[in-house]
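Asker: Following this message is one structure expressed as structure tokens.
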There are 2 protein chains.
Amino acid sequence: MKPEVPSPVSRKVTLNDVARLAGVSVATASKALNGRKQVRAETRARVVEAAEQLSFSPNELARSLLADRTGTVGLLTNDLEGRFSIPILMGAEDAFGADSVAVFLCDARGDAIREKHHVQALLSRRVDGLIVVGSRTDPRPSLGRELSVPVVYAYAPSEDPEDLSIVVDNVGAGRSAVDHLVSTGRSRIAHITGDPTYGASQERAEGALAALADHGLSLVGEVRFGSWTESWGRAAASMLLGQHPELDAILCGSDQVARGVMDALREHGRTVPDDVAVMGFDNWEIFTNGARPTLTSVDMNFERLGRVAAQRLFAAIDGEPRSGVEALDTRVVIRGSTVPG
Amino acid sequence: MKPEVPSPVSRKVTLNDVARLAGVSVATASKALNGRKQVRAETRARVVEAAEQLSFSPNELARSLLADRTGTVGLLTNDLEGRFSIPILMGAEDAFGADSVAVFLCDARGDAIREKHHVQALLSRRVDGLIVVGSRTDPRPSLGRELSVPVVYAYAPSEDPEDLSIVVDNVGAGRSAVDHLVSTGRSRIAHITGDPTYGASQERAEGALAALADHGLSLVGEVRFGSWTESWGRAAASMLLGQHPELDAILCGSDQVARGVMDALREHGRTVPDDVAVMGFDNWEIFTNGARPTLTSVDMNFERLGRVAAQRLFAAIDGEPRSGVEALDTRVVIRGSTVPG
DNA sequence: GAAAGTGCCGAAAAGGCTTTCTGCGAACCG
DNA sequence: CGGTTCGCAGAAAGCCTTTTCGGCACTTTC
């Protein structure tokens, strides 16, 4: 005697099985489960029950094949271990609403060949769209215009202005950092930042200088470029204190640099924030919250970046493409290193 | 006059188009492109050329539907912003060889409901297997035994011993840390660690105590549990130095804690490593390399964890399931905080 | 009481691909 | 020279689902 109901999820239950158990055709079963309005309530109930009994779960592959939409997007990153991809991924997942869309994640590791390969693989899996996340803010080569699905570039913009890119407004971030320092009464502000080959360091410095000019101030010394490390922060701060002991604030190109700067200040007997204010960029909380005092920093809103990228991609998939570069603003997160208490 | 060749990748080129252009049937085209041995070399060449001309890329959906394999795995994480998922993901991507397999990434954010949901979604997309990554080392609930595809648990083991789990050997990590400290001549070793509700802190402490016993030593004071933060490290170290000024090494439960401990030591006028050696766990390089001196730490080999998990999943997909908990060993990365240098 | 409408259900096609099976001409064997 | 392989190409079935369309049994309308 064969069991009426095959073992729970043993092997791939199909709509056919459901239909047979409910005593209807597959067509009716499909309509019943999808809420189509051409099936009697009683029949629908029978089908639904059969489906539950078999724990039927429709084969999305078949469905996608028919609908010519997979409900799937590819996220192509180059910075998996880095600071940017993950929050962006989170934001994107958020915006997609895990209900309807799944994310294919690939890491090209900065290699163009590998990238091509991944794009090819994603396309052959018929993703509905692509988000490309860079590892730096500098423009990157476009994937091309003939790609059969929409593409949105996040963090690093595409070199092709016809593409749509969502980026962070680093110039604005620099401005708002200086604005904050000035608003806390600082006027002798220095700037120690990271690798000069990064667009981010240049742009943040540019914004900072512009804001200083707006306030009728000028930078103490020159912009100090170096690397994105704590040790550079320490070294640069020591030098700076020797040359310009009068400074009352140091704006740092990243939270890591800021940590180094704070270390150096302490060793030079300067107190933060009363004597010297310090702030960083990125709002990387493992750094900002471990600092003494906790570190004021400019948050780049990466999650929002991810959400916006996802929304734009959706819009493009639905036939409303955009192009150009969209810069999102940032926000200053105030902590103890700029205001006492 | 219509163009002979439709615009490059304009809209979804199918095998049919290729076949027509090559003047053969779809069956033959399929065989030609897949290297089946039932097609003349000359015919094959014609088909291949047609495919290239149209930049044909086979629809994996259709192929999967037929083959009942998608070449797709789901990675279900609970710790996307955390320290563990990303390297594991990298290792997994590595092992899969991006050629053949794509990874669906989902973050359940520690919510069981959301997790069920994601599993359901992944299964309906017919992934070939699942890797579940936990956010802590403590055992987690199983997804169940009747899941139609193989599952491998990584980092956090499943509560069900019939499942296969790949974890880090935290006890062994604790042992090897002490072994290293002893080998550099330390004998008055204290231990400051993190949140006591974490299995990781308990197991590392257990291993450390066992190794001390093996060396005929005992811990200086008690194990100090607290939180995984720099500030806890600072506070605990200050207390400890007051009570046990004779200590010559502090083993810290994480790199963050170690950073706090090193700060406190410096402020108490103790030098590292000559006076007191310090080491951490996790080998999180943004912390270890920013420290002064750089921090010796136990690397958990997360990438290898990911690779092994992926390999085991493959084996299971290919019909060689395993079960139980497989603990991978760790390795001490020696830097300046334990050996002068 | 016939014509038109309604409500439900099933047959069939479609989507793109692989695979089996059939068929056909050529080469081979006896 | 008839019959058997063999090599190669095509027709068709199948994977699983959705959707269109046709059909059947009623009910409603004049």
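Chain labels A, B, ... are given in the sequence in which chains occur in the structure tokens; within each chain residues are numbered consecutively from 1, and ligands are likewise numbered from 1 in the order shown.
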Using only C-alpha atoms (C1' of nucleotides), which residues sit within 7 Å of Pro157 (chain B) once same-chain residues fewer than 4 positions away are excluded, as a list in words?

Answerer: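 Residues meeting the cut-off are Asp138, Pro139, Arg140, Tyr153, Ser165, Ile166, Val167 and Val325 of chain B.
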
Asker: Kindly determine which residues of chain A lie within 12 Å of chain D, considering only C-alpha atoms (C1' of nucleotides), and give the answer as a list in words.

Answerer: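 So the residues of chain A near chain D are Lys12, Val13, Thr14, Leu15, Asn16, Asp17, Val26, Ala27, Thr28, Ala29, Ser30, Lys31, Ala32, Leu33, Asn34, Arg36, Ser57, Pro58, Asn59, Glu60, Leu61, Ala62, Arg63, Ser64, Leu65, Leu66, Ala67 and Asp68 of chain A.
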
Asker: I'd like the contact shell of region 288-304 of chain B - 6 Å cut-off, only C-alpha atoms (C1' of nucleotides), skipping same-chain residues fewer than 5 positions apart - returned as a PyMOL selection string.

Answerer: (chain A and resi 230) or (chain B and resi 87-88+91+279-283+330-337)

Asker: Can you work out which residues from chain C touch chain A at a cut-off of 8 Å (counting only C-alpha atoms (C1' of nucleotides)) and hand them back as a ChimeraX atom specification?

Answerer: /C:7-10,14-16

Asker: Could you please take those selected residues and save all heavy atoms as a CSV table (one decimal), in the first residue's frame?

Answerer:
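Result file again.csv:
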```
chain,number,residue,atom,x,y,z
C,7,DG,P,-20.8,35.6,-12.9
C,7,DG,OP1,-21.2,36.5,-11.8
C,7,DG,OP2,-19.7,35.9,-13.8
C,7,DG,O5',-20.6,34.1,-12.3
C,7,DG,C5',-21.5,33.1,-12.6
C,7,DG,C4',-21.0,31.8,-12.1
C,7,DG,O4',-20.8,30.9,-13.3
C,7,DG,C3',-19.6,31.8,-11.5
C,7,DG,O3',-19.5,30.7,-10.6
C,7,DG,C2',-18.7,31.6,-12.7
C,7,DG,C1',-19.4,30.6,-13.5
C,7,DG,N9,-19.2,30.8,-14.9
C,7,DG,C8,-18.9,31.9,-15.7
C,7,DG,N7,-18.8,31.7,-17.0
C,7,DG,C5,-19.1,30.3,-17.1
C,7,DG,C6,-19.1,29.5,-18.3
C,7,DG,O6,-18.9,29.9,-19.4
C,7,DG,N1,-19.4,28.2,-18.0
C,7,DG,C2,-19.6,27.7,-16.7
C,7,DG,N2,-19.9,26.4,-16.6
C,7,DG,N3,-19.6,28.5,-15.6
C,7,DG,C4,-19.3,29.8,-15.9
C,8,DC,P,-18.2,30.6,-9.5
C,8,DC,OP1,-18.8,30.4,-8.2
C,8,DC,OP2,-17.2,31.7,-9.8
C,8,DC,O5',-17.6,29.2,-9.9
C,8,DC,C5',-17.6,28.8,-11.3
C,8,DC,C4',-17.2,27.4,-11.5
C,8,DC,O4',-17.3,27.2,-12.9
C,8,DC,C3',-15.8,27.0,-11.1
C,8,DC,O3',-15.7,25.7,-10.7
C,8,DC,C2',-15.0,27.4,-12.3
C,8,DC,C1',-16.0,27.1,-13.4
C,8,DC,N1,-16.0,28.0,-14.6
C,8,DC,C2,-16.2,27.6,-15.9
C,8,DC,O2,-16.4,26.4,-16.0
C,8,DC,N3,-16.1,28.4,-16.9
C,8,DC,C4,-15.8,29.7,-16.7
C,8,DC,N4,-15.8,30.5,-17.7
C,8,DC,C5,-15.6,30.2,-15.4
C,8,DC,C6,-15.7,29.4,-14.3
C,9,DC,P,-14.4,25.1,-10.1
C,9,DC,OP1,-14.7,24.1,-9.1
C,9,DC,OP2,-13.5,26.2,-9.7
C,9,DC,O5',-13.7,24.4,-11.4
C,9,DC,C5',-14.4,23.2,-11.9
C,9,DC,C4',-13.8,22.9,-13.3
C,9,DC,O4',-14.0,24.1,-14.1
C,9,DC,C3',-12.3,22.6,-13.3
C,9,DC,O3',-12.2,21.2,-13.6
C,9,DC,C2',-11.8,23.5,-14.4
C,9,DC,C1',-13.0,24.0,-15.1
C,9,DC,N1,-12.9,25.4,-15.6
C,9,DC,C2,-12.9,25.6,-17.0
C,9,DC,O2,-13.0,24.7,-17.8
C,9,DC,N3,-12.7,26.9,-17.5
C,9,DC,C4,-12.6,27.9,-16.7
C,9,DC,N4,-12.5,29.1,-17.2
C,9,DC,C5,-12.6,27.7,-15.2
C,9,DC,C6,-12.7,26.5,-14.8
C,10,DG,P,-10.8,20.5,-13.6
C,10,DG,OP1,-10.9,19.2,-13.2
C,10,DG,OP2,-9.8,21.4,-13.0
C,10,DG,O5',-10.5,20.5,-15.2
C,10,DG,C5',-11.4,19.8,-16.1
C,10,DG,C4',-10.9,19.9,-17.5
C,10,DG,O4',-11.0,21.3,-17.9
C,10,DG,C3',-9.5,19.5,-17.8
C,10,DG,O3',-9.5,18.8,-19.0
C,10,DG,C2',-8.7,20.8,-17.8
C,10,DG,C1',-9.7,21.7,-18.4
C,10,DG,N9,-9.6,23.1,-18.0
C,10,DG,C8,-9.4,23.6,-16.7
C,10,DG,N7,-9.4,24.9,-16.7
C,10,DG,C5,-9.4,25.3,-18.0
C,10,DG,C6,-9.4,26.6,-18.5
C,10,DG,O6,-9.3,27.7,-18.0
C,10,DG,N1,-9.5,26.6,-19.9
C,10,DG,C2,-9.6,25.4,-20.7
C,10,DG,N2,-9.7,25.6,-22.0
C,10,DG,N3,-9.7,24.2,-20.2
C,10,DG,C4,-9.6,24.2,-18.8
C,14,DA,P,2.3,28.3,-29.2
C,14,DA,OP1,1.9,29.1,-30.4
C,14,DA,OP2,3.1,27.1,-29.3
C,14,DA,O5',3.1,29.3,-28.2
C,14,DA,C5',2.4,30.2,-27.3
C,14,DA,C4',3.3,30.4,-26.1
C,14,DA,O4',3.0,29.4,-25.1
C,14,DA,C3',4.8,30.3,-26.4
C,14,DA,O3',5.4,31.5,-26.0
C,14,DA,C2',5.3,29.1,-25.7
C,14,DA,C1',4.2,29.0,-24.5
C,14,DA,N9,4.1,27.7,-24.0
C,14,DA,C8,4.0,26.5,-24.6
C,14,DA,N7,3.9,25.4,-23.9
C,14,DA,C5,3.8,26.0,-22.6
C,14,DA,C6,3.6,25.4,-21.3
C,14,DA,N6,3.5,24.1,-21.1
C,14,DA,N1,3.6,26.2,-20.3
C,14,DA,C2,3.7,27.6,-20.5
C,14,DA,N3,3.9,28.2,-21.6
C,14,DA,C4,3.9,27.4,-22.6
C,15,DG,P,6.7,32.1,-26.8
C,15,DG,OP1,6.3,33.4,-27.3
C,15,DG,OP2,7.1,31.0,-27.8
C,15,DG,O5',7.8,32.2,-25.8
C,15,DG,C5',7.6,32.7,-24.4
C,15,DG,C4',8.5,32.0,-23.5
C,15,DG,O4',7.9,30.8,-23.0
C,15,DG,C3',9.8,31.4,-24.2
C,15,DG,O3',10.9,32.3,-24.1
C,15,DG,C2',10.1,30.1,-23.4
C,15,DG,C1',8.9,29.9,-22.5
C,15,DG,N9,8.3,28.6,-22.6
C,15,DG,C8,8.1,27.9,-23.7
C,15,DG,N7,7.6,26.7,-23.5
C,15,DG,C5,7.5,26.6,-22.1
C,15,DG,C6,7.1,25.6,-21.3
C,15,DG,O6,6.7,24.5,-21.6
C,15,DG,N1,7.1,26.0,-19.9
C,15,DG,C2,7.6,27.2,-19.5
C,15,DG,N2,7.6,27.4,-18.2
C,15,DG,N3,8.0,28.2,-20.3
C,15,DG,C4,7.9,27.8,-21.6
C,16,DG,P,11.9,32.4,-25.3
C,16,DG,OP1,12.5,33.7,-25.3
C,16,DG,OP2,11.2,31.9,-26.5
C,16,DG,O5',13.0,31.4,-24.9
C,16,DG,C5',13.8,31.6,-23.8
C,16,DG,C4',14.7,30.4,-23.5
C,16,DG,O4',13.8,29.3,-23.2
C,16,DG,C3',15.5,29.9,-24.7
C,16,DG,O3',16.8,29.7,-24.2
C,16,DG,C2',14.9,28.6,-25.1
C,16,DG,C1',14.3,28.1,-23.9
C,16,DG,N9,13.1,27.3,-24.1
C,16,DG,C8,12.1,27.4,-25.0
C,16,DG,N7,11.2,26.5,-25.0
C,16,DG,C5,11.6,25.7,-23.9
C,16,DG,C6,10.9,24.6,-23.3
C,16,DG,O6,9.9,24.0,-23.6
C,16,DG,N1,11.6,24.1,-22.2
C,16,DG,C2,12.8,24.6,-21.7
C,16,DG,N2,13.3,24.1,-20.6
C,16,DG,N3,13.4,25.7,-22.2
C,16,DG,C4,12.7,26.2,-23.3
```

Asker: Write out, as JSON lines, each residue of chain B that has an atom at most 9 Å from chain A, together with the closest pair of atoms and their distance in Å to one decimal, counting only C-alpha atoms, rows going by chain and rising number.

Answerer:
```
{"residue": "B:Pro8", "atom": "CA", "partner": "A:Glu146", "partner_atom": "CA", "distance": 7.5}
{"residue": "B:Val9", "atom": "CA", "partner": "A:Ser148", "partner_atom": "CA", "distance": 6.1}
{"residue": "B:Ser10", "atom": "CA", "partner": "A:Ser148", "partner_atom": "CA", "distance": 5.9}
{"residue": "B:Arg11", "atom": "CA", "partner": "A:Ser148", "partner_atom": "CA", "distance": 6.3}
{"residue": "B:Lys12", "atom": "CA", "partner": "A:Ser148", "partner_atom": "CA", "distance": 7.5}
{"residue": "B:Ser57", "atom": "CA", "partner": "A:Ser124", "partner_atom": "CA", "distance": 5.9}
{"residue": "B:Pro58", "atom": "CA", "partner": "A:Ser124", "partner_atom": "CA", "distance": 6.2}
{"residue": "B:Asn59", "atom": "CA", "partner": "A:Ser124", "partner_atom": "CA", "distance": 5.4}
{"residue": "B:Glu60", "atom": "CA", "partner": "A:Arg125", "partner_atom": "CA", "distance": 5.1}
{"residue": "B:Leu61", "atom": "CA", "partner": "A:Leu61", "partner_atom": "CA", "distance": 5.7}
{"residue": "B:Ala62", "atom": "CA", "partner": "A:Leu65", "partner_atom": "CA", "distance": 6.6}
{"residue": "B:Ser64", "atom": "CA", "partner": "A:Leu61", "partner_atom": "CA", "distance": 7.6}
{"residue": "B:Leu65", "atom": "CA", "partner": "A:Leu61", "partner_atom": "CA", "distance": 6.3}
{"residue": "B:Leu80", "atom": "CA", "partner": "A:Ile86", "partner_atom": "CA", "distance": 6.9}
{"residue": "B:Glu81", "atom": "CA", "partner": "A:Ile86", "partner_atom": "CA", "distance": 6.3}
{"residue": "B:Ile86", "atom": "CA", "partner": "A:Glu81", "partner_atom": "CA", "distance": 6.3}
{"residue": "B:Pro87", "atom": "CA", "partner": "A:Glu81", "partner_atom": "CA", "distance": 7.0}
{"residue": "B:Leu89", "atom": "CA", "partner": "A:Leu80", "partner_atom": "CA", "distance": 8.9}
{"residue": "B:Met90", "atom": "CA", "partner": "A:Leu80", "partner_atom": "CA", "distance": 7.7}
{"residue": "B:Glu93", "atom": "CA", "partner": "A:Cys106", "partner_atom": "CA", "distance": 7.9}
{"residue": "B:Ala98", "atom": "CA", "partner": "A:His118", "partner_atom": "CA", "distance": 7.3}
{"residue": "B:Asp99", "atom": "CA", "partner": "A:Ala121", "partner_atom": "CA", "distance": 7.6}
{"residue": "B:Ser100", "atom": "CA", "partner": "A:Ala121", "partner_atom": "CA", "distance": 8.5}
{"residue": "B:Val101", "atom": "CA", "partner": "A:Ala121", "partner_atom": "CA", "distance": 8.9}
{"residue": "B:Ala102", "atom": "CA", "partner": "A:Phe104", "partner_atom": "CA", "distance": 6.8}
{"residue": "B:Val103", "atom": "CA", "partner": "A:Phe104", "partner_atom": "CA", "distance": 5.6}
{"residue": "B:Phe104", "atom": "CA", "partner": "A:Phe104", "partner_atom": "CA", "distance": 4.6}
{"residue": "B:Leu105", "atom": "CA", "partner": "A:Val103", "partner_atom": "CA", "distance": 5.9}
{"residue": "B:Cys106", "atom": "CA", "partner": "A:Val103", "partner_atom": "CA", "distance": 7.4}
{"residue": "B:Asp107", "atom": "CA", "partner": "A:Met90", "partner_atom": "CA", "distance": 8.0}
{"residue": "B:Arg114", "atom": "CA", "partner": "A:Ala98", "partner_atom": "CA", "distance": 8.9}
{"residue": "B:His117", "atom": "CA", "partner": "A:Asp99", "partner_atom": "CA", "distance": 7.9}
{"residue": "B:His118", "atom": "CA", "partner": "A:Ala98", "partner_atom": "CA", "distance": 7.4}
{"residue": "B:Gln120", "atom": "CA", "partner": "A:Ser57", "partner_atom": "CA", "distance": 8.0}
{"residue": "B:Ala121", "atom": "CA", "partner": "A:Asp99", "partner_atom": "CA", "distance": 7.6}
{"residue": "B:Leu122", "atom": "CA", "partner": "A:Ala102", "partner_atom": "CA", "distance": 8.1}
{"residue": "B:Leu123", "atom": "CA", "partner": "A:Ser57", "partner_atom": "CA", "distance": 8.0}
{"residue": "B:Ser124", "atom": "CA", "partner": "A:Asn59", "partner_atom": "CA", "distance": 5.4}
{"residue": "B:Arg125", "atom": "CA", "partner": "A:Glu60", "partner_atom": "CA", "distance": 5.1}
{"residue": "B:Arg126", "atom": "CA", "partner": "A:Asn59", "partner_atom": "CA", "distance": 7.1}
{"residue": "B:Glu146", "atom": "CA", "partner": "A:Val9", "partner_atom": "CA", "distance": 6.2}
{"residue": "B:Leu147", "atom": "CA", "partner": "A:Val9", "partner_atom": "CA", "distance": 6.5}
{"residue": "B:Ser148", "atom": "CA", "partner": "A:Ser10", "partner_atom": "CA", "distance": 5.9}
{"residue": "B:Thr229", "atom": "CA", "partner": "A:Gly290", "partner_atom": "CA", "distance": 6.9}
{"residue": "B:Glu230", "atom": "CA", "partner": "A:Gly290", "partner_atom": "CA", "distance": 5.4}
{"residue": "B:Ser231", "atom": "CA", "partner": "A:Gly290", "partner_atom": "CA", "distance": 6.4}
{"residue": "B:Gln256", "atom": "CA", "partner": "A:Gly290", "partner_atom": "CA", "distance": 8.3}
{"residue": "B:Gly260", "atom": "CA", "partner": "A:Gly290", "partner_atom": "CA", "distance": 8.2}
{"residue": "B:Ile286", "atom": "CA", "partner": "A:Thr229", "partner_atom": "CA", "distance": 8.6}
{"residue": "B:Asn289", "atom": "CA", "partner": "A:Glu230", "partner_atom": "CA", "distance": 8.6}
{"residue": "B:Gly290", "atom": "CA", "partner": "A:Glu230", "partner_atom": "CA", "distance": 5.4}
{"residue": "B:Ala291", "atom": "CA", "partner": "A:Glu230", "partner_atom": "CA", "distance": 8.1}
{"residue": "B:Arg292", "atom": "CA", "partner": "A:Ser231", "partner_atom": "CA", "distance": 8.6}
```

Asker: For the atom pair CA of Tyr198 (chain B) and CA of Ala210 (chain B), what is the interatomic distance in Å to one decimal place?

Answerer: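 Interatomic distance, CA of Tyr198 (chain B) to CA of Ala210 (chain B): 18.8 Å.
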
Asker: Region 150-270 of chain B: which residues are strand (DSSP E) by DSSP, as a PyMOL selection string?

Answerer: chain B and resi 151-154+164-168+189-192+249-252

Asker: Could those selected residues go to a file with N, CA, C and O atoms, as a PDB file, in the first residue's frame?

Answerer:
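Once everything was written out, this is part-v7.pdb:
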```
ATOM      1  N   VAL B 151      22.484  21.236   3.763  1.00  0.00           N
ATOM      2  CA  VAL B 151      22.769  22.461   4.504  1.00  0.00           C
ATOM      3  C   VAL B 151      24.077  22.281   5.267  1.00  0.00           C
ATOM      4  O   VAL B 151      24.329  21.212   5.830  1.00  0.00           O
ATOM      5  N   VAL B 152      24.893  23.302   5.247  1.00  0.00           N
ATOM      6  CA  VAL B 152      26.094  23.299   6.084  1.00  0.00           C
ATOM      7  C   VAL B 152      26.043  24.528   6.978  1.00  0.00           C
ATOM      8  O   VAL B 152      25.747  25.628   6.503  1.00  0.00           O
ATOM      9  N   TYR B 153      26.289  24.329   8.267  1.00  0.00           N
ATOM     10  CA  TYR B 153      26.305  25.438   9.210  1.00  0.00           C
ATOM     11  C   TYR B 153      27.743  25.885   9.425  1.00  0.00           C
ATOM     12  O   TYR B 153      28.618  25.036   9.637  1.00  0.00           O
ATOM     13  N   ALA B 154      27.963  27.179   9.345  1.00  0.00           N
ATOM     14  CA  ALA B 154      29.319  27.681   9.500  1.00  0.00           C
ATOM     15  C   ALA B 154      29.389  28.660  10.659  1.00  0.00           C
ATOM     16  O   ALA B 154      28.472  29.449  10.869  1.00  0.00           O
ATOM     17  N   LEU B 164      25.562  18.985   9.615  1.00  0.00           N
ATOM     18  CA  LEU B 164      27.004  19.205   9.525  1.00  0.00           C
ATOM     19  C   LEU B 164      27.319  20.655   9.847  1.00  0.00           C
ATOM     20  O   LEU B 164      26.744  21.570   9.259  1.00  0.00           O
ATOM     21  N   SER B 165      28.235  20.845  10.787  1.00  0.00           N
ATOM     22  CA  SER B 165      28.625  22.198  11.180  1.00  0.00           C
ATOM     23  C   SER B 165      30.136  22.336  11.080  1.00  0.00           C
ATOM     24  O   SER B 165      30.872  21.434  11.480  1.00  0.00           O
ATOM     25  N   ILE B 166      30.562  23.461  10.571  1.00  0.00           N
ATOM     26  CA  ILE B 166      31.990  23.761  10.510  1.00  0.00           C
ATOM     27  C   ILE B 166      32.242  24.938  11.437  1.00  0.00           C
ATOM     28  O   ILE B 166      31.675  26.012  11.230  1.00  0.00           O
ATOM     29  N   VAL B 167      33.061  24.733  12.433  1.00  0.00           N
ATOM     30  CA  VAL B 167      33.282  25.802  13.410  1.00  0.00           C
ATOM     31  C   VAL B 167      34.769  26.022  13.649  1.00  0.00           C
ATOM     32  O   VAL B 167      35.606  25.263  13.191  1.00  0.00           O
ATOM     33  N   VAL B 168      35.022  27.068  14.392  1.00  0.00           N
ATOM     34  CA  VAL B 168      36.387  27.381  14.776  1.00  0.00           C
ATOM     35  C   VAL B 168      36.695  26.710  16.106  1.00  0.00           C
ATOM     36  O   VAL B 168      35.842  26.645  16.982  1.00  0.00           O
ATOM     37  N   ILE B 189      50.515  35.328  33.717  1.00  0.00           N
ATOM     38  CA  ILE B 189      49.587  35.697  32.641  1.00  0.00           C
ATOM     39  C   ILE B 189      48.190  35.950  33.186  1.00  0.00           C
ATOM     40  O   ILE B 189      47.655  35.144  33.948  1.00  0.00           O
ATOM     41  N   ALA B 190      47.604  37.074  32.775  1.00  0.00           N
ATOM     42  CA  ALA B 190      46.213  37.368  33.142  1.00  0.00           C
ATOM     43  C   ALA B 190      45.340  37.279  31.897  1.00  0.00           C
ATOM     44  O   ALA B 190      45.835  37.263  30.770  1.00  0.00           O
ATOM     45  N   HIS B 191      44.031  37.222  32.094  1.00  0.00           N
ATOM     46  CA  HIS B 191      43.113  37.087  30.953  1.00  0.00           C
ATOM     47  C   HIS B 191      41.934  38.041  31.109  1.00  0.00           C
ATOM     48  O   HIS B 191      41.151  37.920  32.051  1.00  0.00           O
ATOM     49  N   ILE B 192      41.836  38.966  30.178  1.00  0.00           N
ATOM     50  CA  ILE B 192      40.700  39.886  30.144  1.00  0.00           C
ATOM     51  C   ILE B 192      39.921  39.580  28.877  1.00  0.00           C
ATOM     52  O   ILE B 192      40.486  39.613  27.781  1.00  0.00           O
ATOM     53  N   ALA B 249      52.069  39.360  31.303  1.00  0.00           N
ATOM     54  CA  ALA B 249      51.353  39.179  30.035  1.00  0.00           C
ATOM     55  C   ALA B 249      49.856  39.285  30.279  1.00  0.00           C
ATOM     56  O   ALA B 249      49.358  38.855  31.324  1.00  0.00           O
ATOM     57  N   ILE B 250      49.167  39.876  29.309  1.00  0.00           N
ATOM     58  CA  ILE B 250      47.705  39.902  29.370  1.00  0.00           C
ATOM     59  C   ILE B 250      47.168  39.333  28.070  1.00  0.00           C
ATOM     60  O   ILE B 250      47.454  39.848  26.983  1.00  0.00           O
ATOM     61  N   LEU B 251      46.422  38.252  28.209  1.00  0.00           N
ATOM     62  CA  LEU B 251      45.752  37.673  27.048  1.00  0.00           C
ATOM     63  C   LEU B 251      44.364  38.288  26.975  1.00  0.00           C
ATOM     64  O   LEU B 251      43.620  38.277  27.961  1.00  0.00           O
ATOM     65  N   CYS B 252      44.012  38.817  25.809  1.00  0.00           N
ATOM     66  CA  CYS B 252      42.744  39.527  25.680  1.00  0.00           C
ATOM     67  C   CYS B 252      41.784  38.763  24.786  1.00  0.00           C
ATOM     68  O   CYS B 252      42.191  38.180  23.780  1.00  0.00           O
TER      69      CYS B 252
END
```

Asker: For a test of reading the model, state the distance in Å between CA of Phe314 (chain A) and CA of Val132 (chain A), rounded to one decimal.

Answerer: 14.3 Å

Asker: Report, in Å with one decimal, the straight-line distance from CA of Met239 (chain A) to CA of Arg188 (chain A).

Answerer: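 Interatomic distance, CA of Met239 (chain A) to CA of Arg188 (chain A): 16.0 Å.
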